[in-house]
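Okay, my_file_2.txt now, which holds compact mmCIF, C-alpha atoms:
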# COMPACT_ATOMS: atom_id res chain seq x y z
CA ALA A 126 0.00 0.00 0.00
CA GLY A 127 2.99 2.30 0.42
CA ALA A 128 3.38 2.60 -3.34
CA ALA A 129 0.43 4.96 -3.55
CA GLU A 130 2.25 7.49 -1.41
CA ALA A 131 4.59 8.33 -4.27
CA VAL A 132 1.82 9.81 -6.39
CA THR A 133 1.25 13.21 -4.91
CA GLU A 134 2.64 15.41 -2.21
CA ALA A 135 0.45 17.17 0.30
CA PRO A 136 0.65 20.93 -0.32
CA ALA A 137 -0.67 21.75 3.15
CA THR A 138 1.76 24.59 3.74
CA GLU A 139 1.46 26.20 0.33
CA ALA A 140 -1.70 28.23 0.89
CA PRO A 141 -2.31 30.02 4.18
CA GLU A 142 -5.98 30.46 3.31
CA MET A 143 -6.46 26.69 3.31
CA VAL A 144 -8.69 25.81 6.22
CA ALA A 145 -10.43 22.59 7.16
CA SER A 146 -13.81 24.32 7.16
CA ALA A 147 -13.54 25.66 3.62
CA ALA A 148 -16.90 26.12 1.99
CA PRO A 149 -18.11 23.12 0.02
CA ALA A 150 -17.89 23.56 -3.72
CA THR A 151 -20.88 24.04 -5.94
CA SER A 152 -20.67 23.70 -9.69
CA GLY A 153 -21.63 27.35 -10.23
CA ALA A 154 -18.98 28.64 -7.84
CA VAL A 155 -16.01 26.49 -8.86
CA ALA A 156 -14.21 29.31 -10.65
CA GLU A 157 -14.49 31.57 -7.59
CA ILE A 158 -13.01 29.08 -5.12
CA HIS A 159 -9.25 28.74 -4.71
CA PRO A 160 -8.10 25.19 -5.57
CA TYR A 161 -6.47 24.71 -2.18
CA GLN A 162 -9.76 25.53 -0.45
CA LEU A 163 -11.34 22.76 -2.49
CA LEU A 164 -8.43 20.46 -1.65
CA ALA A 165 -8.94 21.15 2.05
CA SER A 166 -12.64 20.39 1.68
CA ALA A 167 -11.93 17.14 -0.18
CA ARG A 168 -9.43 16.02 2.44
CA GLU A 169 -11.81 16.95 5.26
CA ALA A 170 -14.59 14.93 3.62
CA TYR A 171 -12.22 11.99 3.25
CA TRP A 172 -11.13 12.20 6.90
CA LEU A 173 -14.79 12.30 7.91
CA HIS A 174 -15.42 9.16 5.79
CA ASP A 175 -17.72 11.07 3.42
CA TYR A 176 -16.11 9.45 0.40
CA ASP A 177 -18.80 10.42 -2.10
CA ARG A 178 -18.37 14.09 -1.21
CA ALA A 179 -14.58 13.78 -1.27
CA GLU A 180 -14.70 12.19 -4.72
CA SER A 181 -17.05 14.88 -5.98
CA ILE A 182 -14.75 17.66 -4.77
CA TYR A 183 -11.63 15.98 -6.18
CA ARG A 184 -13.43 15.72 -9.52
CA GLU A 185 -14.30 19.43 -9.32
CA LEU A 186 -10.60 20.11 -8.89
CA THR A 187 -9.88 18.14 -12.07
CA VAL A 188 -12.40 20.34 -13.90
CA LEU A 189 -10.99 23.53 -12.42
CA GLU A 190 -7.38 22.59 -13.21
CA PRO A 191 -7.51 19.71 -15.70
CA ASP A 192 -3.74 19.65 -16.27
CA ASN A 193 -2.80 19.39 -12.59
CA PRO A 194 -1.63 15.81 -11.92
CA ASP A 195 -1.90 16.24 -8.15
CA TRP A 196 -5.69 16.24 -8.19
CA TYR A 197 -5.76 12.93 -10.05
CA GLY A 198 -3.09 11.58 -7.70
CA GLU A 199 -5.12 12.51 -4.63
CA LEU A 200 -8.21 10.93 -6.17
CA GLY A 201 -6.17 7.80 -6.95
CA ASN A 202 -4.86 7.71 -3.39
CA MET A 203 -8.39 7.87 -2.03
CA PHE A 204 -9.58 5.04 -4.29
CA PHE A 205 -6.46 3.03 -3.44
CA SER A 206 -7.14 3.38 0.29
CA LEU A 207 -10.73 2.21 -0.28
CA GLY A 208 -9.64 -0.84 -2.29
CA LYS A 209 -11.20 0.49 -5.50
CA TRP A 210 -8.41 -0.79 -7.73
CA ASP A 211 -9.89 0.01 -11.16
CA GLU A 212 -10.78 3.57 -10.19
CA SER A 213 -7.39 4.00 -8.56
CA ALA A 214 -5.55 2.79 -11.67
CA SER A 215 -7.55 5.15 -13.88
CA ALA A 216 -6.86 8.16 -11.65
CA TYR A 217 -3.14 7.31 -11.46
CA PHE A 218 -3.06 6.91 -15.24
CA GLU A 219 -4.59 10.37 -15.63
CA ALA A 220 -2.01 11.77 -13.21
CA GLY A 221 0.74 10.06 -15.19
CA THR A 222 -0.35 11.45 -18.54
CA ARG A 223 -0.42 14.96 -17.11
CA LEU A 224 3.04 14.48 -15.63
CA VAL A 225 4.28 13.45 -19.07
CA ARG A 226 2.74 16.56 -20.64
CA ALA A 227 4.52 18.65 -18.01
CA GLY A 228 7.84 17.00 -18.90
CA ARG A 229 8.07 15.17 -15.58
CA LEU A 230 8.84 11.79 -17.14
CA ALA A 231 10.66 10.27 -14.17
CA ARG A 232 7.75 11.10 -11.87
CA ALA A 233 5.30 9.61 -14.40
CA GLY A 234 7.49 6.53 -14.58
CA GLU A 235 7.07 6.01 -10.84
CA LEU A 236 3.36 5.48 -11.46
CA VAL A 237 3.88 2.70 -14.01
CA ASN A 238 4.64 0.05 -11.39
CA VAL A 239 1.83 1.26 -9.14
CA ILE A 240 -0.63 1.01 -12.03
CA ARG A 241 0.85 -2.32 -13.13
CA GLY A 242 -0.16 -3.76 -9.77
CA LEU A 243 -3.69 -2.53 -10.34
CA ASP A 244 -4.29 -2.78 -14.12
CA GLY A 245 -1.58 -3.96 -16.48
CA SER A 246 -3.09 -2.50 -19.65
CA GLN A 247 -3.03 1.06 -18.34
CA ALA A 248 0.54 0.57 -17.10
CA GLU A 249 1.65 -0.52 -20.55
CA GLU A 250 -0.16 2.42 -22.13
CA LEU A 251 1.46 4.92 -19.77
CA GLU A 252 4.85 3.29 -20.32
CA LYS A 253 4.44 3.77 -24.08
CA ILE A 254 3.39 7.42 -23.62
CA ILE A 255 6.49 8.02 -21.48
CA HIS A 256 8.72 6.24 -23.99
CA ASP A 257 7.32 8.27 -26.89
CA ALA A 258 7.75 11.53 -24.98
CA ASP A 259 11.32 10.58 -24.03
CA GLU A 260 12.18 9.82 -27.66
CA SER A 261 10.66 13.11 -28.74
CA VAL A 262 12.79 15.02 -26.22
CA ASN A 263 15.98 13.19 -27.23
CA GLN A 264 15.65 13.76 -30.99

Taking this structure as input, can you express it in the form of structure tokens?
Amino acid sequence: AGAAEAVTEAPATEAPEMVASAAPATSGAVAEIHPYQLLASAREAYWLHDYDRAESIYRELTVLEPDNPDWYGELGNMFFSLGKWDESASAYFEAGTRLVRAGRLARAGELVNVIRGLDGSQAEELEKIIHDADESVNQ
């Protein structure tokens, strides 16, 4: 289970306005809410075992910042902790593809083995995406 820890780092000290009682997100107000307020709300929901709410807020984060791999990593970590292997693999795959787009190939590569333990086909697909990106960079 320790492998999931490598996916995303907790940015708890990055935003002083992040508070555990951040207002819950609503689809009409997503653009007005700072991502780290949403992150705090998602983590709070998770800690309170309100997994449906936590998932919903993590998904709002992926809409708000679709290229941020951390949101997919956090979602994958939540699914991993709940034993939802398919959902976890999919979220980690999404995190990995965004890491590749950001040029963070080594970090994306760390996810390959995690995903391989959950869903081999997505691991192979991510491995190919990383390989292709690496070749493109080295040409």

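Of the listed residues A:Glu185, A:Asp257, A:Asp175, A:Asp244, the one whose atoms come nearest to Met203 of chain A is A:Asp175, with distances taken using all atoms listed in the file.
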
Subject >> Residue neighbourhood His174 of chain A, 12 Å, all atoms listed in the file, exclusion window fewer than 6 positions, as a list in words >> reply: Ala167, Arg168, Glu180, Met203, Ser206 and Leu207 of chain A

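Between atom CA of Leu186 of chain A and atom CA of Pro160 of chain A there is a distance of 6.6 Å.
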
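Across A:Glu250, A:Arg178, A:Ile255, A:Asn202, the tightest approach to Glu235 of chain A is made by A:Ile255 when counting all atoms listed in the file.
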
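Atom CA of Ala227 of chain A lies 21.8 Å from atom CA of Arg241 of chain A.
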
Subject >> Surrounding residues of Ala258 of chain A excluding itself and chain neighbours under 4 positions, 10 Å, only C-alpha atoms, as a PyMOL selection string >> reply: chain A and resi 225-226+228+230+252-254+262-263

Subject >> Å distance separating atom CA of Ile240 of chain A from atom CA of Asn193 of chain A, one decimal place >> reply: 18.5 Å

**OP:** Identify, on the basis of all atoms listed in the file, every residue whose closest approach to Ala179 of chain A does not exceed 12 Å; exclude the query and any residue fewer than 5 positions from it along the same chain; express the result as a VMD selection string.
**Re:** chain A and resid 149 to 150 163 to 174 184 to 186 196 199 to 204

**OP:** Rank A:Glu219, A:Gly242, A:Tyr183, A:Ala248 by their smallest atom-to-atom distance to Gln162 of chain A, using all atoms listed in the file, and report the top residue only.
**Re:** A:Tyr183

Could you model N, CA and C atoms for segment 216-233 of chain A and present them as a CSV table (one decimal), in the coordinates of the input?
chain,number,residue,atom,x,y,z
A,216,ALA,N,-7.3,6.8,-12.2
A,216,ALA,CA,-6.9,8.2,-11.6
A,216,ALA,C,-5.3,8.3,-11.7
A,217,TYR,N,-4.6,7.3,-11.4
A,217,TYR,CA,-3.1,7.3,-11.5
A,217,TYR,C,-2.7,7.4,-12.9
A,218,PHE,N,-3.4,6.8,-13.8
A,218,PHE,CA,-3.1,6.9,-15.2
A,218,PHE,C,-3.2,8.4,-15.7
A,219,GLU,N,-4.3,9.0,-15.3
A,219,GLU,CA,-4.6,10.4,-15.6
A,219,GLU,C,-3.5,11.3,-15.0
A,220,ALA,N,-3.1,11.0,-13.8
A,220,ALA,CA,-2.0,11.8,-13.2
A,220,ALA,C,-0.7,11.6,-14.0
A,221,GLY,N,-0.5,10.4,-14.4
A,221,GLY,CA,0.7,10.1,-15.2
A,221,GLY,C,0.8,10.8,-16.5
A,222,THR,N,-0.3,10.8,-17.2
A,222,THR,CA,-0.4,11.4,-18.5
A,222,THR,C,-0.1,12.9,-18.4
A,223,ARG,N,-0.6,13.5,-17.3
A,223,ARG,CA,-0.4,15.0,-17.1
A,223,ARG,C,1.0,15.2,-16.7
A,224,LEU,N,1.6,14.3,-16.0
A,224,LEU,CA,3.0,14.5,-15.6
A,224,LEU,C,3.9,14.4,-16.9
A,225,VAL,N,3.5,13.5,-17.8
A,225,VAL,CA,4.3,13.4,-19.1
A,225,VAL,C,4.2,14.8,-19.8
A,226,ARG,N,2.9,15.3,-19.9
A,226,ARG,CA,2.7,16.6,-20.6
A,226,ARG,C,3.5,17.7,-20.0
A,227,ALA,N,3.8,17.6,-18.7
A,227,ALA,CA,4.5,18.6,-18.0
A,227,ALA,C,6.0,18.4,-18.1
A,228,GLY,N,6.4,17.3,-18.8
A,228,GLY,CA,7.8,17.0,-18.9
A,228,GLY,C,8.4,16.3,-17.7
A,229,ARG,N,7.6,15.8,-16.8
A,229,ARG,CA,8.1,15.2,-15.6
A,229,ARG,C,8.0,13.7,-15.8
A,230,LEU,N,8.9,13.2,-16.7
A,230,LEU,CA,8.8,11.8,-17.1
A,230,LEU,C,9.2,10.8,-16.0
A,231,ALA,N,10.2,11.2,-15.2
A,231,ALA,CA,10.7,10.3,-14.2
A,231,ALA,C,9.5,10.1,-13.2
A,232,ARG,N,8.9,11.2,-12.8
A,232,ARG,CA,7.8,11.1,-11.9
A,232,ARG,C,6.6,10.2,-12.5
A,233,ALA,N,6.3,10.4,-13.7
A,233,ALA,CA,5.3,9.6,-14.4
A,233,ALA,C,5.7,8.1,-14.4
